[in-house]
>>> print(open('upload_5.tsv').read())   # TSV, C-alpha atoms
chain	number	residue	atom	x	y	z
F	1	MET	CA	54.19	65.03	-71.33
F	2	THR	CA	50.96	63.06	-71.24
F	3	THR	CA	50.46	63.90	-67.57
F	4	LEU	CA	51.06	67.60	-68.28
F	5	GLY	CA	48.59	67.57	-71.16
F	6	THR	CA	45.97	65.82	-69.03
F	7	GLY	CA	46.46	68.38	-66.27
F	8	VAL	CA	46.01	71.26	-68.71
F	9	LEU	CA	42.81	69.71	-70.07
F	10	ARG	CA	41.46	69.26	-66.55
F	11	VAL	CA	42.20	72.89	-65.72
F	12	ARG	CA	40.51	74.06	-68.92
F	13	HIS	CA	37.42	71.98	-68.26
F	14	TRP	CA	37.25	73.20	-64.66
F	15	LEU	CA	37.56	76.85	-65.72
F	16	ARG	CA	34.90	76.29	-68.38
F	17	ASP	CA	32.54	74.89	-65.76
F	18	HIS	CA	33.35	77.77	-63.36
F	19	PRO	CA	33.31	80.99	-65.44
F	20	LEU	CA	33.39	83.22	-62.35
F	21	ALA	CA	36.72	81.70	-61.31
F	22	LEU	CA	38.05	82.28	-64.83
F	23	ASP	CA	37.00	85.92	-64.73
F	24	ALA	CA	38.57	86.34	-61.30
F	25	SER	CA	41.85	84.91	-62.62
F	26	LEU	CA	41.71	87.28	-65.59
F	27	ALA	CA	41.02	90.22	-63.27
F	28	LEU	CA	44.05	89.29	-61.15
F	29	ALA	CA	46.25	89.08	-64.25
F	30	VAL	CA	45.00	92.49	-65.45
F	31	LEU	CA	45.68	93.97	-62.01
F	32	VAL	CA	49.26	92.68	-62.07
F	33	ALA	CA	49.72	94.09	-65.58
F	34	MET	CA	48.36	97.49	-64.50
F	35	VAL	CA	50.61	97.61	-61.43
F	36	VAL	CA	53.66	96.72	-63.51
F	37	GLY	CA	52.65	99.23	-66.16
F	38	SER	CA	52.29	101.97	-63.56
F	39	PHE	CA	56.08	101.90	-63.07
F	40	VAL	CA	56.65	102.75	-66.73
F	41	HIS	CA	56.94	106.50	-67.35
F	42	PRO	CA	57.64	108.22	-70.64
F	43	ARG	CA	60.62	110.51	-70.93
F	44	PRO	CA	60.76	113.10	-73.71
F	45	GLY	CA	63.40	112.18	-76.21
F	46	GLU	CA	64.35	108.94	-74.39
F	47	GLY	CA	61.22	106.82	-74.61
F	48	PRO	CA	59.51	104.90	-71.78
F	49	SER	CA	61.53	103.61	-68.84
F	50	PHE	CA	60.98	101.90	-65.49
F	51	GLU	CA	61.08	103.97	-62.34
F	52	THR	CA	61.25	102.89	-58.75
F	53	ARG	CA	58.73	105.48	-57.63
F	54	PRO	CA	55.53	103.64	-56.65
F	55	PRO	CA	52.19	104.79	-58.06
F	56	ALA	CA	49.93	107.07	-56.05
F	57	VAL	CA	47.51	105.56	-53.57
F	58	SER	CA	44.56	106.88	-55.56
F	59	GLY	CA	45.93	105.21	-58.69
F	60	VAL	CA	46.29	101.89	-56.89
F	61	LEU	CA	42.73	102.11	-55.62
F	62	LEU	CA	41.42	102.87	-59.10
F	63	MET	CA	43.38	99.95	-60.57
F	64	VAL	CA	42.02	97.58	-57.92
F	65	ALA	CA	38.46	98.82	-58.48
F	66	GLY	CA	38.81	98.35	-62.24
F	67	ALA	CA	40.17	94.82	-61.83
F	68	VAL	CA	37.41	93.85	-59.36
F	69	ALA	CA	34.76	95.13	-61.78
F	70	LEU	CA	36.06	92.70	-64.43
F	71	ILE	CA	34.93	89.74	-62.31
F	72	TRP	CA	31.32	90.44	-63.40
F	73	ARG	CA	32.13	91.19	-67.04
F	74	ARG	CA	30.09	88.21	-68.33
F	75	ARG	CA	27.01	88.91	-66.21
F	76	SER	CA	26.76	92.67	-66.87
F	77	PRO	CA	29.16	93.63	-69.67
F	78	MET	CA	27.65	97.10	-70.25
F	79	VAL	CA	27.69	97.99	-66.56
F	80	VAL	CA	31.29	96.81	-66.18
F	81	LEU	CA	32.30	98.84	-69.25
F	82	ALA	CA	30.64	101.97	-67.84
F	83	VAL	CA	32.38	101.50	-64.48
F	84	THR	CA	35.82	100.97	-66.02
F	85	VAL	CA	35.38	103.94	-68.38
F	86	GLY	CA	34.46	106.14	-65.42
F	87	LEU	CA	37.48	104.97	-63.42
F	88	THR	CA	39.75	105.58	-66.40
F	89	VAL	CA	38.41	109.11	-66.93
F	90	VAL	CA	38.94	109.91	-63.24
F	91	GLU	CA	42.53	108.67	-63.45
F	92	LEU	CA	43.21	110.67	-66.64
F	93	VAL	CA	41.83	113.85	-65.06
F	94	LYS	CA	43.44	113.62	-61.60
F	95	SER	CA	46.82	111.91	-62.04
F	96	ASP	CA	49.93	112.93	-63.91
F	97	PRO	CA	51.20	110.64	-65.21
F	98	PRO	CA	48.02	108.51	-65.08
F	99	ALA	CA	48.03	104.89	-64.00
F	100	PRO	CA	47.14	102.39	-66.77
F	101	VAL	CA	43.52	101.86	-65.62
F	102	VAL	CA	42.63	101.88	-69.30
F	103	MET	CA	43.70	98.20	-69.45
F	104	ALA	CA	40.55	97.21	-67.53
F	105	THR	CA	38.48	99.28	-69.99
F	106	VAL	CA	40.08	97.49	-72.94
F	107	ILE	CA	39.09	94.06	-71.50
F	108	ALA	CA	35.56	95.26	-70.72
F	109	LEU	CA	35.13	96.72	-74.21
F	110	CYS	CA	36.37	93.50	-75.81
F	111	THR	CA	33.82	91.55	-73.75
F	112	VAL	CA	30.98	93.84	-74.86
F	113	ALA	CA	32.03	93.44	-78.49
F	114	ALA	CA	32.17	89.64	-78.17
F	115	ARG	CA	28.74	89.34	-76.54
F	116	THR	CA	26.63	91.82	-78.54
F	117	ASP	CA	25.79	92.39	-82.18
F	118	ARG	CA	28.01	94.36	-84.56
F	119	PRO	CA	26.01	97.64	-84.69
F	120	THR	CA	25.95	97.83	-80.87
F	121	THR	CA	29.66	97.02	-80.79
F	122	TRP	CA	30.62	99.90	-83.07
F	123	ARG	CA	28.29	102.41	-81.44
F	124	VAL	CA	29.58	101.59	-77.95
F	125	GLY	CA	33.16	101.37	-79.21
F	126	LEU	CA	33.08	104.77	-80.91
F	127	LEU	CA	31.58	106.35	-77.80
F	128	THR	CA	34.24	104.76	-75.58
F	129	VAL	CA	37.07	105.80	-77.90
F	130	ALA	CA	35.76	109.36	-78.04
F	131	VAL	CA	35.38	109.67	-74.26
F	132	LEU	CA	38.77	108.20	-73.36
F	133	THR	CA	40.78	109.83	-76.14
F	134	GLY	CA	39.10	113.18	-75.57
F	135	SER	CA	39.76	113.01	-71.83
F	136	ALA	CA	43.41	112.15	-72.40
F	137	MET	CA	43.86	114.99	-74.89
F	138	LEU	CA	42.01	117.62	-72.85
F	139	PHE	CA	43.13	116.83	-69.32
F	140	GLY	CA	46.51	115.15	-69.79
F	141	ALA	CA	49.75	116.97	-69.09
F	142	ALA	CA	51.29	115.84	-72.39
F	143	PRO	CA	50.42	117.60	-75.68
F	144	TRP	CA	47.25	116.43	-77.37
F	145	TYR	CA	49.25	114.87	-80.18
F	146	SER	CA	51.44	112.78	-77.87
F	147	GLN	CA	51.87	109.08	-78.50
F	148	GLU	CA	50.26	108.22	-75.16
F	149	ASN	CA	46.96	109.76	-76.27
F	150	PHE	CA	47.05	107.94	-79.59
F	151	GLY	CA	47.94	104.77	-77.66
F	152	VAL	CA	44.60	105.05	-75.80
F	153	PHE	CA	42.85	105.43	-79.17
F	154	ALA	CA	44.67	102.44	-80.64
F	155	TRP	CA	44.07	100.09	-77.69
F	156	THR	CA	40.35	100.81	-77.47
F	157	GLY	CA	39.94	100.41	-81.23
F	158	MET	CA	41.81	97.10	-81.16
F	159	ALA	CA	39.56	95.91	-78.32
F	160	CYS	CA	36.47	96.51	-80.50
F	161	ALA	CA	38.04	94.67	-83.44
F	162	ALA	CA	39.19	91.72	-81.32
F	163	GLY	CA	35.80	91.30	-79.64
F	164	ASP	CA	34.02	91.48	-82.99
F	165	ALA	CA	36.36	88.82	-84.39
F	166	VAL	CA	35.67	86.53	-81.42
F	167	ARG	CA	31.91	86.98	-81.85
F	168	SER	CA	32.13	86.30	-85.61
F	169	ARG	CA	34.18	83.15	-85.09
F	170	ARG	CA	31.78	81.90	-82.43
F	171	ALA	CA	28.82	82.52	-84.74
F	172	PHE	CA	30.65	80.74	-87.57
F	173	VAL	CA	31.38	77.69	-85.42
F	174	ASP	CA	27.76	77.59	-84.19
F	175	ALA	CA	26.51	77.80	-87.78
F	176	ILE	CA	28.75	74.93	-88.85
F	177	ARG	CA	27.61	72.84	-85.88
F	178	GLU	CA	23.96	73.57	-86.59
F	179	ARG	CA	24.43	72.73	-90.26
F	180	ALA	CA	26.07	69.43	-89.35
F	181	GLU	CA	23.28	68.55	-86.92
F	182	ARG	CA	20.66	69.48	-89.49
F	183	ALA	CA	22.41	67.36	-92.13
F	184	GLU	CA	22.55	64.44	-89.71
F	185	ARG	CA	18.85	64.81	-88.93
F	186	SER	CA	18.11	64.96	-92.65
F	187	ARG	CA	20.09	61.77	-93.25
F	188	ASP	CA	18.26	60.00	-90.44
F	189	GLU	CA	14.90	61.16	-91.76
F	190	GLU	CA	15.83	60.11	-95.28
F	191	ALA	CA	16.94	56.69	-94.04
F	192	ARG	CA	13.69	56.24	-92.08
F	193	ARG	CA	11.67	57.33	-95.11
F	194	ARG	CA	13.45	54.84	-97.35
F	195	VAL	CA	12.98	52.07	-94.80
F	196	ALA	CA	9.26	52.88	-94.58
F	197	GLU	CA	8.94	52.90	-98.37
F	198	GLU	CA	10.77	49.58	-98.63
F	199	ARG	CA	8.55	48.04	-95.96
F	200	LEU	CA	5.47	49.30	-97.78
F	201	ARG	CA	6.73	47.87	-101.07
F	202	ILE	CA	7.48	44.47	-99.53
F	203	ALA	CA	4.11	44.45	-97.74
F	204	ARG	CA	2.41	45.25	-101.04
F	205	ASP	CA	4.30	42.45	-102.80
F	206	LEU	CA	3.40	39.98	-100.06
F	207	HIS	CA	-0.24	41.03	-100.24
F	208	ASP	CA	-0.31	40.57	-104.01
F	209	VAL	CA	1.33	37.15	-103.80
F	210	VAL	CA	-0.87	35.86	-101.00
F	211	ALA	CA	-4.11	37.35	-102.32
F	212	HIS	CA	-3.60	36.05	-105.87
F	213	HIS	CA	-2.61	32.51	-105.03
F	214	ILE	CA	-5.02	32.08	-102.13
F	215	ALA	CA	-7.83	33.19	-104.43
F	216	LEU	CA	-6.77	30.51	-106.96
F	217	VAL	CA	-6.53	27.90	-104.21
F	218	ASN	CA	-9.99	28.86	-102.96
F	219	VAL	CA	-11.55	28.59	-106.42
F	220	GLN	CA	-9.89	25.28	-107.28
F	221	ALA	CA	-10.70	23.81	-103.86
F	222	GLY	CA	-14.34	24.77	-104.39
F	223	VAL	CA	-14.33	23.09	-107.79
F	224	ALA	CA	-12.77	19.95	-106.35
F	225	ALA	CA	-15.35	19.80	-103.57
F	226	HIS	CA	-18.18	20.28	-106.09
F	227	VAL	CA	-17.14	17.53	-108.54
F	228	MET	CA	-15.50	15.13	-106.08
F	229	ASP	CA	-18.34	12.58	-106.19
F	230	LYS	CA	-19.46	12.85	-109.83
F	231	ARG	CA	-16.20	13.64	-111.66
F	232	PRO	CA	-13.20	12.38	-109.66
F	233	ASP	CA	-10.80	13.00	-112.55
F	234	GLN	CA	-11.80	16.67	-112.71
F	235	ALA	CA	-11.48	16.89	-108.92
F	236	LYS	CA	-7.94	15.51	-109.16
F	237	GLU	CA	-7.13	18.10	-111.79
F	238	ALA	CA	-8.48	20.87	-109.55
F	239	LEU	CA	-6.42	19.57	-106.62
F	240	ALA	CA	-3.36	19.53	-108.88
F	241	HIS	CA	-4.02	23.20	-109.63
F	242	VAL	CA	-4.32	23.82	-105.89
F	243	ARG	CA	-0.97	22.16	-105.28
F	244	GLU	CA	0.65	24.13	-108.11
F	245	ALA	CA	-0.78	27.44	-106.87
F	246	SER	CA	0.31	26.77	-103.30
F	247	ARG	CA	3.82	25.82	-104.46
F	248	SER	CA	4.04	29.00	-106.53
F	249	ALA	CA	2.85	31.03	-103.53
F	250	LEU	CA	5.50	29.45	-101.32
F	251	ASP	CA	8.22	30.07	-103.91
F	252	GLU	CA	7.27	33.72	-104.31
F	253	LEU	CA	6.97	34.22	-100.56
F	254	ARG	CA	10.40	32.64	-100.10
F	255	ALA	CA	11.88	34.95	-102.74
F	256	THR	CA	10.24	38.04	-101.25
F	257	VAL	CA	11.19	37.26	-97.67
F	258	GLY	CA	14.69	36.37	-98.83
F	259	LEU	CA	15.21	40.05	-99.59
F	260	LEU	CA	14.98	40.70	-95.85
F	261	ARG	CA	17.63	38.17	-94.89
F	262	GLN	CA	21.09	39.30	-93.90
F	263	SER	CA	24.09	37.92	-95.73
F	264	GLY	CA	25.22	34.69	-94.12
F	265	ASP	CA	21.80	33.79	-92.68
F	266	PRO	CA	20.85	30.13	-93.13
F	267	ALA	CA	18.13	29.35	-95.63
F	268	ALA	CA	16.04	27.81	-92.87
F	269	PRO	CA	16.39	27.78	-89.08
F	270	THR	CA	18.25	24.74	-87.78
F	271	GLU	CA	17.71	25.24	-84.04
F	272	PRO	CA	14.38	24.94	-82.17
F	273	ALA	CA	12.45	28.05	-81.30
F	274	PRO	CA	13.50	29.31	-77.85
F	275	GLY	CA	11.13	28.62	-74.99
F	276	LEU	CA	10.98	27.41	-71.43
F	277	ALA	CA	11.86	23.94	-72.65
F	278	VAL	CA	15.44	25.16	-73.21
F	279	LEU	CA	15.53	27.35	-70.10
F	280	ASP	CA	17.99	24.98	-68.39
F	281	ALA	CA	20.50	25.58	-71.18
F	282	LEU	CA	20.11	29.34	-70.77
F	283	VAL	CA	20.66	29.14	-67.03
F	284	ASP	CA	23.73	26.92	-67.49
F	285	THR	CA	25.18	29.49	-69.87
F	286	VAL	CA	24.66	32.27	-67.35
F	287	ARG	CA	26.20	30.17	-64.59
F	288	ARG	CA	29.28	29.48	-66.71
F	289	ALA	CA	29.58	33.26	-67.14
F	290	GLY	CA	30.00	33.58	-63.37
F	291	LEU	CA	26.48	34.42	-62.12
F	292	PRO	CA	24.95	31.95	-59.65
F	293	VAL	CA	21.30	31.33	-60.59
F	294	GLU	CA	18.63	29.36	-58.75
F	295	LEU	CA	15.84	28.05	-60.98
F	296	VAL	CA	12.46	27.03	-59.54
F	297	TYR	CA	9.37	25.62	-61.29
F	298	ALA	CA	6.02	25.15	-59.54
F	299	ASP	CA	3.57	23.69	-62.07
F	300	ARG	CA	2.27	20.37	-63.43
F	301	ARG	CA	0.07	21.71	-66.18
F	302	PRO	CA	0.56	21.28	-69.96
F	303	PRO	CA	3.03	23.50	-71.83
F	304	LEU	CA	2.27	27.17	-72.34
F	305	PRO	CA	1.04	28.43	-75.72
F	306	ALA	CA	3.88	29.14	-78.13
F	307	ALA	CA	3.66	32.96	-77.93
F	308	VAL	CA	3.46	32.97	-74.13
F	309	ASP	CA	6.25	30.41	-73.87
F	310	LEU	CA	8.51	32.54	-76.07
F	311	ALA	CA	7.66	35.73	-74.16
F	312	ALA	CA	8.43	34.10	-70.81
F	313	TYR	CA	11.77	32.86	-72.11
F	314	ARG	CA	12.70	36.30	-73.51
F	315	VAL	CA	11.79	38.03	-70.24
F	316	ILE	CA	14.03	35.66	-68.26
F	317	GLN	CA	16.83	35.98	-70.82
F	318	GLU	CA	16.81	39.79	-70.80
F	319	ALA	CA	16.47	39.99	-67.00
F	320	LEU	CA	19.46	37.68	-66.46
F	321	THR	CA	21.45	39.68	-69.00
F	322	ASN	CA	20.72	42.86	-67.03
F	323	VAL	CA	21.80	41.16	-63.81
F	324	ARG	CA	25.10	40.13	-65.38
F	325	LYS	CA	25.71	43.64	-66.67
F	326	HIS	CA	24.63	45.79	-63.76
F	327	ALA	CA	24.21	43.84	-60.51
F	328	GLY	CA	27.93	43.86	-59.73
F	329	PRO	CA	30.33	41.27	-58.30
F	330	GLY	CA	28.97	38.78	-55.81
F	331	ALA	CA	25.41	39.06	-57.10
F	332	ARG	CA	23.04	36.07	-57.18
F	333	ALA	CA	19.81	35.64	-59.14
F	334	GLU	CA	16.66	33.61	-58.66
F	335	VAL	CA	14.24	32.65	-61.45
F	336	SER	CA	10.77	31.25	-60.84
F	337	VAL	CA	7.94	30.24	-63.19
F	338	VAL	CA	4.53	29.69	-61.55
F	339	ARG	CA	1.09	28.98	-63.03
F	340	VAL	CA	-1.63	30.80	-61.08
F	341	GLY	CA	-5.12	30.11	-62.42
F	342	SER	CA	-5.28	31.36	-66.02
F	343	THR	CA	-1.98	33.21	-65.81
F	344	ALA	CA	1.70	32.38	-65.72
F	345	GLU	CA	3.96	34.44	-63.48
F	346	VAL	CA	7.65	34.84	-64.25
F	347	THR	CA	9.87	36.42	-61.59
F	348	VAL	CA	13.59	37.23	-61.73
F	349	ILE	CA	15.21	38.76	-58.65
F	350	ASP	CA	18.79	39.51	-57.63
F	351	ASN	CA	20.51	40.77	-54.49
F	352	GLY	CA	22.42	43.47	-56.40
F	353	PHE	CA	25.43	43.90	-54.13
F	354	GLY	CA	27.10	45.96	-56.83
F	355	GLY	CA	24.21	48.33	-57.52
F	356	GLY	CA	21.58	46.14	-59.11
F	357	GLY	CA	19.17	49.02	-59.14
F	358	CYS	CA	21.14	50.44	-62.01
F	359	HIS	CA	19.44	48.10	-64.43
F	360	GLY	CA	16.17	49.92	-64.22
F	361	ASP	CA	14.91	52.14	-66.97
F	362	GLY	CA	18.32	53.40	-67.86
F	363	GLY	CA	19.67	54.35	-71.22
F	364	GLY	CA	19.05	50.89	-72.79
F	365	HIS	CA	15.94	49.31	-74.32
F	366	GLY	CA	15.86	45.96	-72.47
F	367	LEU	CA	13.00	46.69	-70.08
F	368	LEU	CA	11.12	48.57	-72.78
F	369	GLY	CA	11.33	45.55	-75.09
F	370	MET	CA	10.21	43.17	-72.33
F	371	ARG	CA	7.27	45.40	-71.43
F	372	GLU	CA	6.16	45.71	-75.06
F	373	ARG	CA	6.41	41.95	-75.59
F	374	VAL	CA	4.35	41.18	-72.47
F	375	THR	CA	1.80	43.93	-73.15
F	376	ALA	CA	1.26	42.64	-76.69
F	377	LEU	CA	0.00	39.37	-75.17
F	378	GLY	CA	-2.32	41.19	-72.76
F	379	GLY	CA	-0.07	40.77	-69.74
F	380	THR	CA	1.68	43.15	-67.37
F	381	LEU	CA	5.31	43.62	-66.38
F	382	THR	CA	6.69	45.45	-63.37
F	383	ALA	CA	10.35	46.13	-62.69
F	384	GLY	CA	12.10	48.08	-60.00
F	385	PRO	CA	14.51	48.03	-57.07
F	386	ARG	CA	13.82	45.68	-54.18
F	387	TYR	CA	13.63	46.80	-50.58
F	388	GLY	CA	17.03	46.23	-49.04
F	389	GLY	CA	18.88	46.14	-52.36
F	390	GLY	CA	18.73	44.32	-55.63
F	391	PHE	CA	16.22	44.36	-58.47
F	392	ARG	CA	13.00	42.51	-59.32
F	393	VAL	CA	11.33	41.79	-62.65
F	394	HIS	CA	7.84	40.33	-62.48
F	395	ALA	CA	5.75	39.41	-65.54
F	396	ILE	CA	2.15	38.14	-65.53
F	397	LEU	CA	1.21	36.44	-68.78
F	398	PRO	CA	-2.35	35.31	-69.61
F	399	VAL	CA	-2.79	31.62	-70.48
F	400	GLU	CA	-5.86	30.16	-72.13
F	401	ALA	CA	-7.57	27.64	-69.87
F	402	ARG	CA	-7.03	24.05	-70.96
F	403	THR	CA	-9.15	21.17	-69.68
F	404	GLY	CA	-9.22	17.48	-70.36
F	405	GLU	CA	-5.57	17.35	-71.31
F	406	SER	CA	-2.94	15.12	-69.89
F	407	GLY	CA	-1.19	16.26	-66.76
F	408	GLU	CA	2.16	15.39	-68.22
F	409	PRO	CA	4.57	18.18	-67.41
F	410	GLY	CA	5.78	20.11	-70.41
F	411	ALA	CA	7.98	23.01	-71.15
F	412	ALA	CA	6.74	25.06	-68.23
F	413	GLY	CA	5.48	22.29	-66.01
F	414	ARG	CA	8.15	20.49	-64.02
F	415	THR	CA	6.95	20.77	-60.48
F	416	GLY	CA	9.38	21.21	-57.70
F	417	GLU	CA	12.41	21.13	-59.96
F	418	THR	CA	15.14	23.19	-58.41
F	419	ALA	CA	18.40	23.72	-60.19
>>> encode(input="upload_5.tsv", output="structure tokens")
Amino acid sequence: MTTLGTGVLRVRHWLRDHPLALDASLALAVLVAMVVGSFVHPRPGEGPSFETRPPAVSGVLLMVAGAVALIWRRRSPMVVLAVTVGLTVVELVKSDPPAPVVMATVIALCTVAARTDRPTTWRVGLLTVAVLTGSAMLFGAAPWYSQENFGVFAWTGMACAAGDAVRSRRAFVDAIRERAERAERSRDEEARRRVAEERLRIARDLHDVVAHHIALVNVQAGVAAHVMDKRPDQAKEALAHVREASRSALDELRATVGLLRQSGDPAAPTEPAPGLAVLDALVDTVRRAGLPVELVYADRRPPLPAAVDLAAYRVIQEALTNVRKHAGPGARAEVSVVRVGSTAEVTVIDNGFGGGGCHGDGGGHGLLGMRERVTALGGTLTAGPRYGGGFRVHAILPVEARTGESGEPGAAGRTGETA
């Protein structure tokens, strides 16, 4: 049952993606119905019955022409309706009994009603009903009041009503969908507005706290500096006020920032800030996840500034995450950190046997976040596929020149270390 349902869904999706094939299938079904209906002949007093006499050649040609015209009913509904009406009138005038070419007209009229507005539908429908019913009454062999003539009237009228119902339902569904999308956009906009207002309120509170207490600290520190030599006791009192004001500022800042914490967050961080000093641990974690990584340092200079060190670590972390996600099985990565003059260069490359190029600027925000972080420090970041396969991320971070410091290797300065 599941396989049957899946097959039906696949057929529906395929027909939806290929409307011309759907119209051709409908035209074939209408042709079969018209051919079968052509064997039905009314008998006075006995009702309709099947006869073995085949329809006339002209009737078959008209039925085929009407069915073929239905293939283009979506592209030119008015033209198809005019063609089928003409074929039906010809059949009503020339044949006795006529072949049921009117079936093609019913489908064409229903299509026009479903794809136009209501006034056009009723104008075209009334004209079609008048032409077909009048032709059947004037040129048919049966009396004008026969049930066959009223059957033409009924079928064409029902086609108008059915097409109008389809159009109304489609418009109703579209309206509901648009209303839902508009409501979702409104909720998103309202959420963003509330977030912006909350950020503004917190920023205002932080400004008030910092400005008030820093002003007190500044005044009391000035007093202490002024009376330090002549009145030490008054200087101590001023310094006590400084300490009290700074403690109050810290308490209020802690309370304000605490509003931004998520439930379950620790009151204070217990782990060191990430940086190149803990890069070995990051690489070991990636290796345990199944990605071979080669780590190379080429530097003996002092550690990088804190912001640059953090940015370099985050670039490597995000790049290795992308390799794990997108590079595929059998991929290998190489990480290098090099100091060149007043810059630090971070490079992460992979061989990408499984399509490493997929972790470019795809649907995620990893590369965008890396680029923003590096650009904020005045650096540049380039990322893209490598020649011959794989992917390359290269970041150039500016480093302030440092002289006269010890050459002891630091967080980013272990020369020749290869892991």
>>> residues_around(input="upload_5.tsv", residues="Gly379 of chain F", least_positions_apart="2", cutoff="7 Å", atoms="only C-alpha atoms", output="PyMOL selection string")
chain F and resi 374-375+377+381+396-398
>>> atom_distance(input="upload_5.tsv", atom1="atom CA of Ala221 of chain F", atom2="atom CA of Glu237 of chain F")
10.4 Å
>>> atom_distance(input="upload_5.tsv", atom1="atom CA of Gly378 of chain F", atom2="atom CA of Thr347 of chain F")
17.2 Å
>>> atom_distance(input="upload_5.tsv", atom1="atom CA of Leu9 of chain F", atom2="atom CA of Ala67 of chain F")
26.6 Å
>>> closest_residue(input="upload_5.tsv", among="F:Arg254, F:Arg179, F:Val219, F:Leu320", to="Asp284 of chain F", atoms="only C-alpha atoms")
F:Leu320
>>> closest_residue(input="upload_5.tsv", among="F:Val227, F:Ile214, F:Val32, F:Cys110", to="Arg247 of chain F", atoms="only C-alpha atoms")
F:Ile214
>>> closest_residue(input="upload_5.tsv", among="F:Gly125, F:Gly290, F:Gly134, F:Pro329", to="Met158 of chain F", atoms="all atoms listed in the file")
F:Gly125
>>> axis_aligned_box(input="upload_5.tsv", around="segment 153-167 of chain F", padding_each_side="4 Å", output="JSON")
{"center_x": 38.3, "center_y": 96.0, "center_z": -80.9, "size_x": 20.8, "size_y": 26.9, "size_z": 14.9}
>>> closest_residue(input="upload_5.tsv", among="F:Asn149, F:Thr156, F:Thr105, F:Thr111", to="Asp23 of chain F", atoms="all atoms listed in the file")
F:Thr111
>>> residues_around(input="upload_5.tsv", residues="Gly366 of chain F", least_positions_apart="6", cutoff="12 Å", atoms="all atoms listed in the file", output="ChimeraX atom specification")
/F:314-323,325,359-360,372-373,383,393
>>> residues_around(input="upload_5.tsv", residues="Leu62 of chain F", least_positions_apart="2", cutoff="10 Å", atoms="all atoms listed in the file", output="number ranges by chain")
F: 56-60, 64-68, 84, 86-88, 90-91, 99-101
>>> closest_residue(input="upload_5.tsv", among="F:Ala376, F:Ala327, F:Val36, F:Val337", to="Gly389 of chain F", atoms="all atoms listed in the file")
F:Ala327
>>> closest_residue(input="upload_5.tsv", among="F:Tyr313, F:Ser246, F:Gln147, F:Pro303", to="Val278 of chain F", atoms="all atoms listed in the file")
F:Tyr313
